[in-house]
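Engineer: The structure's right below; bear with me while I get my questions together.
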Amino acid sequence: MDSDFSLPQAERSARQAAGHWILARAGKRVLRPGGLRLTVRMLHAAHIQGKSVVEFAPGLGRTAKLIVSSGVGTYTAVEQDPAAAKRVESIVAACRGKVIRAKAQESGLPDACADVVVGEAMLTMQGEKTKEQIVSEAYRLLKPGGCYALHELALTPEEIDPEFAADLRRQLAETIRVNARPLTAREWGALLENAGFIVDWHAAAPMALLSVKRNIADEGILGVLKIMRNLLRDRELRARVLQMRALFRRYRRSLEGIAIVARKPQE
């Protein structure tokens with residue numbers, strides 16, 4: 001499928017494109033901070049089988065593929081990027097899934113239309129106001145008793161020094177070319193609870209997005225070989241990926257992937 005679709009931000013140079021699309025350009029298909037295993041655990045905790053599922057910003061559609069193959073009732077993606085939307089459409093069309101081209105915070109979907117809302121690695125890249133808007137939109141879309149499942153980047157430990165955290169965020173934003181604003185686990189929970197959600201489940205995993213072990217687990221041996229080949233062929237692409245890898249290694253004790261399943265109370 002990759003040869004049939006352009007990647008988001010394909011027109012930008014390797015120096016300018018956002019970090020997650022640079023990794024996609026290199027051949028990575030699992031772009032979640034806690035890895036594929038944490039995503040699978042999150043979907044299991046959300047009990048998506050037979051449910052109406054809405055996914056915010058599915059990107060390359062790796063999680064969309066997991067969702068539609070899990071026996072869900074319906075699947076709807078909300079994706080703003082045209083190239084990403086086209087890719088996801090090709091994945092979910094056979095299962096009668098659909099893709100709406102819109103912002104996550106302004107989906108245009110009706111109230112209480114979903115049993116489960118899923119969002120991964122997208123709230124991290126938003127400022128405080130937009131985070132709140134997206135979480136509020138998830139709450140609006142959910143039926144009473146429905147749940148919001150998210151997988152994001154978190155700061156650790158809870159007592160992280162504020163100045164250290166601010167510097168980490170600044171370097172992260174500069175390196176990945178996105179204004180990344182990760183929160184601590186407690187802050188992620190507070191964001192959800194302030195919108196009316198009740199946190200039912202959470203789990204964490206090391207932020208090892210560019211470690212060899214994690215990539216073998218997420219992409220498989222052939223996938224890793226493809227990534228290595230692509231990096232060897234493209235000097236600018238290799239430089240960006242190595243820059244991100246160095247940052248992630250430097251702050252490996254201060255970053256983790258976090259997954260949360262939060263419930264909208266019954267009326």
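By order of appearance in the structure tokens: chains A, B, ..., then residues from 1 within every chain, and ligands from 1 in the order shown.
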Go through segment 132-243 of chain A and collect every residue that DSSP, computed from the backbone, puts in strand (DSSP E or B); the answer should be as a ChimeraX atom specification.
Structural biologist: /A:142-155,183-184,198-206
Engineer: How close does each residue of segment 48-68 of chain A get to segment 78-81 of chain A, giving the shortest atom pair and distance in Å to one decimal for every residue with an atom at most 10 Å away, counting only C-alpha atoms, sorted by chain and residue number, as JSON lines?
Structural biologist:
{"residue": "A:Val54", "atom": "CA", "partner": "A:Val78", "partner_atom": "CA", "distance": 7.3}
{"residue": "A:Glu55", "atom": "CA", "partner": "A:Val78", "partner_atom": "CA", "distance": 6.2}
{"residue": "A:Phe56", "atom": "CA", "partner": "A:Val78", "partner_atom": "CA", "distance": 5.0}
{"residue": "A:Ala57", "atom": "CA", "partner": "A:Glu79", "partner_atom": "CA", "distance": 4.6}
{"residue": "A:Pro58", "atom": "CA", "partner": "A:Glu79", "partner_atom": "CA", "distance": 6.5}
{"residue": "A:Gly59", "atom": "CA", "partner": "A:Glu79", "partner_atom": "CA", "distance": 7.4}
Engineer: Could those residues be written to a file, using N, CA and C atoms, as a PDB file, in the first residue's frame?
Structural biologist:
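Heads up, here's the output in selection.pdb:
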ATOM      1  N   VAL A  54     -15.054   5.771  17.228  1.00  0.00           N
ATOM      2  CA  VAL A  54     -14.549   6.947  16.518  1.00  0.00           C
ATOM      3  C   VAL A  54     -13.079   7.094  16.888  1.00  0.00           C
ATOM      4  N   GLU A  55     -12.230   7.268  15.874  1.00  0.00           N
ATOM      5  CA  GLU A  55     -10.808   7.481  16.137  1.00  0.00           C
ATOM      6  C   GLU A  55     -10.391   8.862  15.662  1.00  0.00           C
ATOM      7  N   PHE A  56      -9.760   9.616  16.545  1.00  0.00           N
ATOM      8  CA  PHE A  56      -9.226  10.919  16.200  1.00  0.00           C
ATOM      9  C   PHE A  56      -7.828  10.773  15.593  1.00  0.00           C
ATOM     10  N   ALA A  57      -7.583  11.466  14.481  1.00  0.00           N
ATOM     11  CA  ALA A  57      -6.247  11.572  13.879  1.00  0.00           C
ATOM     12  C   ALA A  57      -5.540  10.223  13.771  1.00  0.00           C
ATOM     13  N   PRO A  58      -6.074   9.285  12.984  1.00  0.00           N
ATOM     14  CA  PRO A  58      -5.485   7.952  12.901  1.00  0.00           C
ATOM     15  C   PRO A  58      -4.148   7.880  12.175  1.00  0.00           C
ATOM     16  N   GLY A  59      -3.732   8.968  11.534  1.00  0.00           N
ATOM     17  CA  GLY A  59      -2.417   8.994  10.903  1.00  0.00           C
ATOM     18  C   GLY A  59      -2.272   7.970   9.792  1.00  0.00           C
TER      19      GLY A  59
END
Engineer: Near Val30 of chain A, within 9 Å and counting only C-alpha atoms, which residues show up once chain neighbours fewer than 3 positions away are dropped, as a ChimeraX atom specification?
Structural biologist: /A:24,33,35-36,60,62-63,209,215,218-219
Engineer: Write a file of the selected residues as an mmCIF file, in the first residue's frame, keeping N, CA, C and O atoms.
Structural biologist:
data_model
loop_
_atom_site.group_PDB
_atom_site.id
_atom_site.type_symbol
_atom_site.label_atom_id
_atom_site.label_comp_id
_atom_site.auth_asym_id
_atom_site.auth_seq_id
_atom_site.Cartn_x
_atom_site.Cartn_y
_atom_site.Cartn_z
ATOM 1 N N ALA A 24 7.817 8.134 9.652
ATOM 2 C CA ALA A 24 7.012 7.417 8.656
ATOM 3 C C ALA A 24 7.746 7.357 7.322
ATOM 4 O O ALA A 24 7.723 6.338 6.623
ATOM 5 N N PRO A 33 4.202 6.341 21.363
ATOM 6 C CA PRO A 33 5.323 6.404 22.318
ATOM 7 C C PRO A 33 5.501 5.161 23.170
ATOM 8 O O PRO A 33 6.620 4.822 23.552
ATOM 9 N N GLY A 35 4.557 2.103 22.159
ATOM 10 C CA GLY A 35 4.659 0.935 21.300
ATOM 11 C C GLY A 35 3.343 0.236 21.026
ATOM 12 O O GLY A 35 2.300 0.538 21.609
ATOM 13 N N LEU A 36 3.403 -0.741 20.120
ATOM 14 C CA LEU A 36 2.210 -1.463 19.686
ATOM 15 C C LEU A 36 1.572 -2.244 20.828
ATOM 16 O O LEU A 36 0.344 -2.323 20.934
ATOM 17 N N LEU A 60 -1.318 7.061 9.933
ATOM 18 C CA LEU A 60 -1.072 6.038 8.911
ATOM 19 C C LEU A 60 -2.068 4.890 8.976
ATOM 20 O O LEU A 60 -2.057 4.011 8.120
ATOM 21 N N ARG A 62 -2.408 2.494 11.407
ATOM 22 C CA ARG A 62 -1.981 1.225 12.025
ATOM 23 C C ARG A 62 -2.973 0.771 13.092
ATOM 24 O O ARG A 62 -3.334 -0.407 13.154
ATOM 25 N N THR A 63 -3.414 1.702 13.943
ATOM 26 C CA THR A 63 -4.399 1.343 14.956
ATOM 27 C C THR A 63 -5.769 1.136 14.337
ATOM 28 O O THR A 63 -6.535 0.274 14.786
ATOM 29 N N LEU A 209 10.743 4.623 21.347
ATOM 30 C CA LEU A 209 10.276 4.674 19.960
ATOM 31 C C LEU A 209 11.358 4.292 18.962
ATOM 32 O O LEU A 209 11.071 3.694 17.927
ATOM 33 N N ASN A 215 11.634 -1.532 18.027
ATOM 34 C CA ASN A 215 11.332 -1.545 16.605
ATOM 35 C C ASN A 215 11.161 -2.950 16.058
ATOM 36 O O ASN A 215 10.308 -3.181 15.196
ATOM 37 N N ASP A 218 7.697 -3.886 17.174
ATOM 38 C CA ASP A 218 6.627 -3.142 16.510
ATOM 39 C C ASP A 218 6.592 -3.341 15.002
ATOM 40 O O ASP A 218 5.517 -3.415 14.398
ATOM 41 N N GLU A 219 7.769 -3.396 14.380
ATOM 42 C CA GLU A 219 7.835 -3.394 12.915
ATOM 43 C C GLU A 219 8.210 -4.746 12.319
ATOM 44 O O GLU A 219 7.999 -4.967 11.127
#
Engineer: Residues near Gly196 of chain A, anyone? I mean within 12 Å using only C-alpha atoms, not counting same-chain ones fewer than 4 positions away, as an MDAnalysis selection string.
Structural biologist: chainID A and resid 132 135:140 142 144:145 147:148 189:192 262:267
Engineer: Please identify every residue of segment 160-192 of chain A that has at least one atom no farther than 9 Å from an atom of segment 239-255 of chain A, counting only C-alpha atoms, and for each give the shortest atom pair and the distance in Å to one decimal, arranged by chain then increasing number, as CSV.
Structural biologist:
residue,atom,partner,partner_atom,distance
A:Ile160,CA,A:Ser254,CA,8.0
A:Ala165,CA,A:Ser254,CA,8.6
A:Leu168,CA,A:Tyr251,CA,7.8
A:Gln171,CA,A:Leu247,CA,8.0
A:Leu172,CA,A:Leu247,CA,7.5
A:Thr175,CA,A:Met244,CA,6.3
A:Ile176,CA,A:Met244,CA,6.9
A:Pro182,CA,A:Leu255,CA,8.6
Engineer: Any chance you can output those residues with N, CA and C atoms as an mmCIF file, in the first residue's frame?
Structural biologist:
data_model
loop_
_atom_site.group_PDB
_atom_site.id
_atom_site.type_symbol
_atom_site.label_atom_id
_atom_site.label_comp_id
_atom_site.auth_asym_id
_atom_site.auth_seq_id
_atom_site.Cartn_x
_atom_site.Cartn_y
_atom_site.Cartn_z
ATOM 1 N N ILE A 160 8.559 15.845 38.770
ATOM 2 C CA ILE A 160 9.593 16.363 37.875
ATOM 3 C C ILE A 160 9.761 17.866 38.083
ATOM 4 N N ALA A 165 11.365 20.250 33.199
ATOM 5 C CA ALA A 165 10.284 19.861 32.293
ATOM 6 C C ALA A 165 10.107 20.877 31.172
ATOM 7 N N LEU A 168 12.914 20.394 28.737
ATOM 8 C CA LEU A 168 12.687 19.166 27.970
ATOM 9 C C LEU A 168 11.664 19.415 26.866
ATOM 10 N N GLN A 171 13.225 21.490 24.029
ATOM 11 C CA GLN A 171 14.104 20.708 23.161
ATOM 12 C C GLN A 171 13.325 19.710 22.314
ATOM 13 N N LEU A 172 12.294 19.140 22.898
ATOM 14 C CA LEU A 172 11.453 18.200 22.161
ATOM 15 C C LEU A 172 10.785 18.908 20.980
ATOM 16 N N THR A 175 13.302 19.712 18.221
ATOM 17 C CA THR A 175 13.832 18.539 17.521
ATOM 18 C C THR A 175 12.808 17.890 16.604
ATOM 19 N N ILE A 176 11.557 17.772 17.068
ATOM 20 C CA ILE A 176 10.561 17.081 16.247
ATOM 21 C C ILE A 176 9.727 18.041 15.401
ATOM 22 N N PRO A 182 3.977 17.270 26.410
ATOM 23 C CA PRO A 182 3.611 16.106 27.228
ATOM 24 C C PRO A 182 3.306 16.520 28.658
#
Engineer: Compare A:Leu232, A:Ala84, A:Ala173, A:Leu7 by their minimum atom-to-atom distance to Gly127 of chain A, counting only C-alpha atoms, and give me the closest one.
Structural biologist: A:Ala173
Engineer: By how many Å are atom CA of Ala26 of chain A and atom CA of Gly61 of chain A apart?
Structural biologist: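 For atom CA of Ala26 of chain A relative to atom CA of Gly61 of chain A, the distance reads 16.3 Å.
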Engineer: Between atom CA of Ala64 of chain A and atom CA of Gln49 of chain A, measure the distance and give it in Å to one decimal.
Structural biologist: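 About the pair atom CA of Ala64 of chain A and atom CA of Gln49 of chain A: they are 13.4 Å apart.
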Engineer: Between A:Arg235, A:Lys143, A:Arg177, A:Lys98, which is the closest to Trp21 of chain A once you count only C-alpha atoms?
Structural biologist: A:Arg177
Engineer: Which residue out of A:Leu141, A:Gln105, A:Thr74, A:Leu150 has the minimum interatomic distance to Leu43 of chain A when only C-alpha atoms are used?
Structural biologist: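 The shortest atom-to-atom distance to Leu43 of chain A comes from A:Leu150.
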Engineer: Show which residues sit within 10 Å of segment 153-155 of chain A, as an mmCIF file with N, CA and C atoms, in the first residue's frame. Count only C-alpha atoms, and ignore same-chain residues fewer than 4 positions away.
Structural biologist:
data_model
loop_
_atom_site.group_PDB
_atom_site.id
_atom_site.type_symbol
_atom_site.label_atom_id
_atom_site.label_comp_id
_atom_site.auth_asym_id
_atom_site.auth_seq_id
_atom_site.Cartn_x
_atom_site.Cartn_y
_atom_site.Cartn_z
ATOM 1 N N ARG A 32 3.651 5.269 18.037
ATOM 2 C CA ARG A 32 3.089 5.498 19.364
ATOM 3 C C ARG A 32 4.179 5.424 20.414
ATOM 4 N N PRO A 33 4.202 6.341 21.363
ATOM 5 C CA PRO A 33 5.323 6.404 22.318
ATOM 6 C C PRO A 33 5.501 5.161 23.170
ATOM 7 N N GLY A 34 4.403 4.454 23.483
ATOM 8 C CA GLY A 34 4.505 3.254 24.294
ATOM 9 C C GLY A 34 4.541 1.979 23.488
ATOM 10 N N GLU A 120 -4.549 8.697 19.737
ATOM 11 C CA GLU A 120 -3.180 8.322 20.106
ATOM 12 C C GLU A 120 -2.163 9.323 19.579
ATOM 13 N N ALA A 121 -1.220 9.685 20.440
ATOM 14 C CA ALA A 121 -0.077 10.515 20.065
ATOM 15 C C ALA A 121 -0.499 11.783 19.337
ATOM 16 N N MET A 122 -1.640 12.359 19.738
ATOM 17 C CA MET A 122 -2.076 13.591 19.092
ATOM 18 C C MET A 122 -2.355 14.694 20.100
ATOM 19 N N LEU A 123 -2.867 14.361 21.274
ATOM 20 C CA LEU A 123 -3.066 15.381 22.309
ATOM 21 C C LEU A 123 -1.731 15.973 22.760
ATOM 22 N N THR A 124 -0.689 15.140 22.792
ATOM 23 C CA THR A 124 0.634 15.613 23.199
ATOM 24 C C THR A 124 1.078 16.800 22.361
ATOM 25 N N MET A 125 0.701 16.822 21.104
ATOM 26 C CA MET A 125 1.180 17.846 20.175
ATOM 27 C C MET A 125 0.305 19.087 20.144
ATOM 28 N N GLU A 159 6.894 14.242 40.270
ATOM 29 C CA GLU A 159 7.521 15.388 40.930
ATOM 30 C C GLU A 159 8.633 15.989 40.079
ATOM 31 N N ILE A 160 8.559 15.845 38.770
ATOM 32 C CA ILE A 160 9.593 16.363 37.875
ATOM 33 C C ILE A 160 9.761 17.866 38.083
ATOM 34 N N ALA A 165 11.365 20.250 33.199
ATOM 35 C CA ALA A 165 10.284 19.861 32.293
ATOM 36 C C ALA A 165 10.107 20.877 31.172
ATOM 37 N N LEU A 168 12.914 20.394 28.737
ATOM 38 C CA LEU A 168 12.687 19.166 27.970
ATOM 39 C C LEU A 168 11.664 19.415 26.866
ATOM 40 N N ARG A 169 10.552 20.076 27.208
ATOM 41 C CA ARG A 169 9.520 20.373 26.204
ATOM 42 C C ARG A 169 10.072 21.247 25.088
ATOM 43 N N ALA A 180 5.352 20.019 20.961
ATOM 44 C CA ALA A 180 4.957 18.915 21.852
ATOM 45 C C ALA A 180 4.851 19.393 23.291
ATOM 46 N N ARG A 181 3.750 19.035 23.952
ATOM 47 C CA ARG A 181 3.501 19.438 25.338
ATOM 48 C C ARG A 181 3.067 18.221 26.152
ATOM 49 N N PRO A 182 3.977 17.270 26.410
ATOM 50 C CA PRO A 182 3.611 16.106 27.228
ATOM 51 C C PRO A 182 3.306 16.520 28.658
ATOM 52 N N LEU A 183 2.447 15.753 29.330
ATOM 53 C CA LEU A 183 2.058 15.997 30.708
ATOM 54 C C LEU A 183 2.490 14.823 31.580
ATOM 55 N N THR A 184 2.477 15.004 32.888
ATOM 56 C CA THR A 184 2.679 13.873 33.786
ATOM 57 C C THR A 184 1.408 13.028 33.805
ATOM 58 N N ALA A 185 1.503 11.812 34.322
ATOM 59 C CA ALA A 185 0.328 10.940 34.408
ATOM 60 C C ALA A 185 -0.789 11.615 35.200
ATOM 61 N N ARG A 186 -0.428 12.273 36.292
ATOM 62 C CA ARG A 186 -1.433 12.962 37.107
ATOM 63 C C ARG A 186 -2.107 14.089 36.317
ATOM 64 N N GLU A 187 -1.320 14.809 35.536
ATOM 65 C CA GLU A 187 -1.873 15.910 34.740
ATOM 66 C C GLU A 187 -2.773 15.399 33.622
ATOM 67 N N TRP A 188 -2.393 14.274 33.001
ATOM 68 C CA TRP A 188 -3.276 13.683 31.996
ATOM 69 C C TRP A 188 -4.612 13.284 32.630
ATOM 70 N N ALA A 204 1.536 2.200 31.633
ATOM 71 C CA ALA A 204 2.660 2.937 31.059
ATOM 72 C C ALA A 204 3.671 1.956 30.476
ATOM 73 N N ALA A 205 4.501 2.473 29.575
ATOM 74 C CA ALA A 205 5.582 1.696 28.972
ATOM 75 C C ALA A 205 6.729 2.646 28.670
ATOM 76 N N PRO A 206 7.946 2.147 28.612
ATOM 77 C CA PRO A 206 9.081 3.022 28.297
ATOM 78 C C PRO A 206 8.882 3.724 26.954
ATOM 79 N N MET A 207 9.343 4.970 26.869
ATOM 80 C CA MET A 207 9.323 5.692 25.602
ATOM 81 C C MET A 207 10.563 5.254 24.826
ATOM 82 N N TYR A 251 16.772 11.766 27.393
ATOM 83 C CA TYR A 251 15.677 11.967 28.346
ATOM 84 C C TYR A 251 14.879 10.682 28.589
ATOM 85 N N ARG A 253 14.790 8.615 30.924
ATOM 86 C CA ARG A 253 14.276 8.434 32.285
ATOM 87 C C ARG A 253 13.188 9.449 32.623
ATOM 88 N N SER A 254 12.941 10.376 31.728
ATOM 89 C CA SER A 254 11.960 11.434 31.993
ATOM 90 C C SER A 254 10.744 11.365 31.084
ATOM 91 N N LEU A 255 10.738 10.414 30.154
ATOM 92 C CA LEU A 255 9.628 10.266 29.220
ATOM 93 C C LEU A 255 9.115 8.830 29.238
ATOM 94 N N GLU A 256 7.822 8.673 29.076
ATOM 95 C CA GLU A 256 7.234 7.338 28.958
ATOM 96 C C GLU A 256 5.959 7.419 28.121
ATOM 97 N N GLY A 257 5.549 6.295 27.595
ATOM 98 C CA GLY A 257 4.258 6.216 26.941
ATOM 99 C C GLY A 257 3.206 5.903 27.985
ATOM 100 N N ILE A 258 2.051 6.553 27.883
ATOM 101 C CA ILE A 258 0.971 6.303 28.835
ATOM 102 C C ILE A 258 -0.324 6.046 28.070
ATOM 103 N N ALA A 259 -1.070 5.068 28.522
ATOM 104 C CA ALA A 259 -2.398 4.778 27.953
ATOM 105 C C ALA A 259 -3.430 4.881 29.058
#
Engineer: Name the residues of segment 70-240 of chain A that come out as helix (DSSP H, G or I) in a backbone DSSP run; write them as a PyMOL selection string.
Structural biologist: chain A and resi 82-95+104-106+123-125+128-141+162-176+185-194+212-233+235-240
Engineer: Between A:Leu38, A:Ala83, A:Val261, A:Val99, which has the minimum distance to Val116 of chain A (counting only C-alpha atoms)?
Structural biologist: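 Between A:Leu38, A:Ala83, A:Val261, A:Val99, the residue approaching Val116 of chain A most closely is A:Val261.
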Engineer: Which residues come within 9 Å of Gly27 of chain A, counting only C-alpha atoms, excluding same-chain residues fewer than 2 positions away, as a list of chain:residue names?
Structural biologist: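 Counting only the stated atoms, we get A:Ile22, A:Leu23, A:Ala24, A:Arg25, A:Arg29, A:Gly223, A:Val224, A:Lys226, A:Ile227, A:Met228, A:Asn230.
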Engineer: Just write the chosen residues, C-alpha atoms, as a compact mmCIF listing (two decimals), in the first residue's frame.
Structural biologist:
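Resulting contents of out38.txt:
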# COMPACT_ATOMS: atom_id res chain seq x y z
CA ILE A 22 9.93 11.86 9.23
CA LEU A 23 9.79 8.49 11.01
CA ALA A 24 7.01 7.42 8.66
CA ARG A 25 9.19 8.49 5.72
CA ARG A 29 4.48 2.40 10.85
CA GLY A 223 10.34 -3.67 8.74
CA VAL A 224 13.53 -2.81 10.63
CA LYS A 226 13.52 -1.50 5.44
CA ILE A 227 14.02 1.39 7.87
CA MET A 228 17.79 0.83 7.93
CA ASN A 230 15.96 3.97 3.84
Engineer: Using only C-alpha atoms, which of the listed residues (A:Asn179, A:Thr76, A:Cys95, A:Arg37) sits closest to Gln126 of chain A?
Structural biologist: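 Using only C-alpha atoms, Gln126 of chain A sits closest to A:Asn179.
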Engineer: Hey, can you check how far atom CA of Lys103 of chain A sits from atom CA of Thr130 of chain A?
Structural biologist: 10.6 Å
Engineer: Rank nothing, just name the residue among A:His47, A:Ile260, A:Arg12, A:Phe5 nearest to Glu193 of chain A, using only C-alpha atoms.
Structural biologist: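 Between A:His47, A:Ile260, A:Arg12, A:Phe5, the residue approaching Glu193 of chain A most closely is A:Ile260.
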